[in-house]
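Visitor: Handing you a structure now.
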Amino acid sequence: MRALATGIINALNNATKWLVQARMLTRQLVLMNGQQLSQLTSLTMLDNLLLATTYAYIGQLDPKTNQVVPGILQVHYDIQRLATLNITPNLPQNM
């Protein structure tokens with residue numbers, strides 16, 4: 001359960017990082033005028049905003065390890081796993 005809770009905290013920290021980035025990009029876009037929004041840089045900012053929010057929700061594939069850096073969706077599944085109770089006929093040797 002501790003490992004699961006640690007994973008949840010790490011995923012929440014990942015999502016926080018991506019959502020802070022998304023908020024920063026959103027603020028910049030909101031402050032732009034029409035001419036600035038028609039420039040190519042604003043399209044790049046919109047693409048980065050989409051990526052940041054997608055990563056926050058789903059997670060991001062780390063190309064070095066080929067593992068997913070978890071986001072909110074993984075938190076959802078892990079919290080559900082915390083609420084389960086496994087019942088087995090085998091008693092632990094020590095408590």
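A note on labels: chains of the structure tokens are A, B, ... as shown, every chain counts residues from 1, and ligands are counted from 1 in their shown order.
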Give me the residues near stretch 24-38 of chain A as a PDB file with C-alpha atoms, in the first residue's frame, where near means some atom within 12 Å (using only C-alpha atoms) and where sequence neighbours in that chain fewer than 2 positions away do not count.
Guide:
```pdb
ATOM      1  CA  LYS A  17       4.094  20.085 -13.264  1.00  0.00           C
ATOM      2  CA  TRP A  18       2.208  19.712 -16.547  1.00  0.00           C
ATOM      3  CA  LEU A  19      -0.809  21.697 -15.341  1.00  0.00           C
ATOM      4  CA  VAL A  20       1.413  24.565 -14.163  1.00  0.00           C
ATOM      5  CA  GLN A  21       2.915  24.621 -17.654  1.00  0.00           C
ATOM      6  CA  ALA A  22      -0.580  24.575 -19.187  1.00  0.00           C
ATOM      7  CA  LEU A  40       2.875  30.984 -35.907  1.00  0.00           C
ATOM      8  CA  THR A  41       4.227  31.191 -32.359  1.00  0.00           C
ATOM      9  CA  SER A  42       0.697  31.168 -30.935  1.00  0.00           C
ATOM     10  CA  LEU A  43      -0.031  27.946 -32.842  1.00  0.00           C
ATOM     11  CA  THR A  44       3.072  26.415 -31.272  1.00  0.00           C
ATOM     12  CA  MET A  45       1.854  27.576 -27.867  1.00  0.00           C
ATOM     13  CA  LEU A  46      -1.550  25.978 -28.508  1.00  0.00           C
ATOM     14  CA  ASP A  47       0.154  22.724 -29.484  1.00  0.00           C
ATOM     15  CA  ASN A  48       2.228  22.823 -26.296  1.00  0.00           C
ATOM     16  CA  LEU A  49      -0.912  23.562 -24.279  1.00  0.00           C
ATOM     17  CA  LEU A  50      -2.607  20.516 -25.780  1.00  0.00           C
ATOM     18  CA  LEU A  51       0.436  18.366 -25.022  1.00  0.00           C
ATOM     19  CA  ALA A  52       0.695  19.582 -21.419  1.00  0.00           C
ATOM     20  CA  THR A  53      -2.969  18.927 -20.677  1.00  0.00           C
TER      21      THR A  53
END
```
Visitor: Compile the contact shell of A:Asn13 as a ChimeraX atom specification: residues with an atom at most 10 Å away, counting only C-alpha atoms, same-chain residues fewer than 6 positions apart removed.
Guide: /A:7,19,56,70-72
Visitor: Just how far from atom CA of A:Ala15 is atom CA of A:Tyr57, in Å to one decimal?
Guide: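 Between atom CA of A:Tyr57 and atom CA of A:Ala15 the gap works out to 7.1 Å.
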Visitor: Can you pull out every residue within 12 Å of A:Gln80, counting only C-alpha atoms, but drop anything in the same chain fewer than 5 positions away, and send it as a ChimeraX atom specification?
Guide: /A:1,4-5,8,73-75,85
Visitor: Using the chain letters and numbers from this document, which residues of chain A does DSSP assign to alpha helix (DSSP H), as a VMD selection string?
Guide: chain A and resid 2 to 30 34 to 37 40 to 58 72 to 82
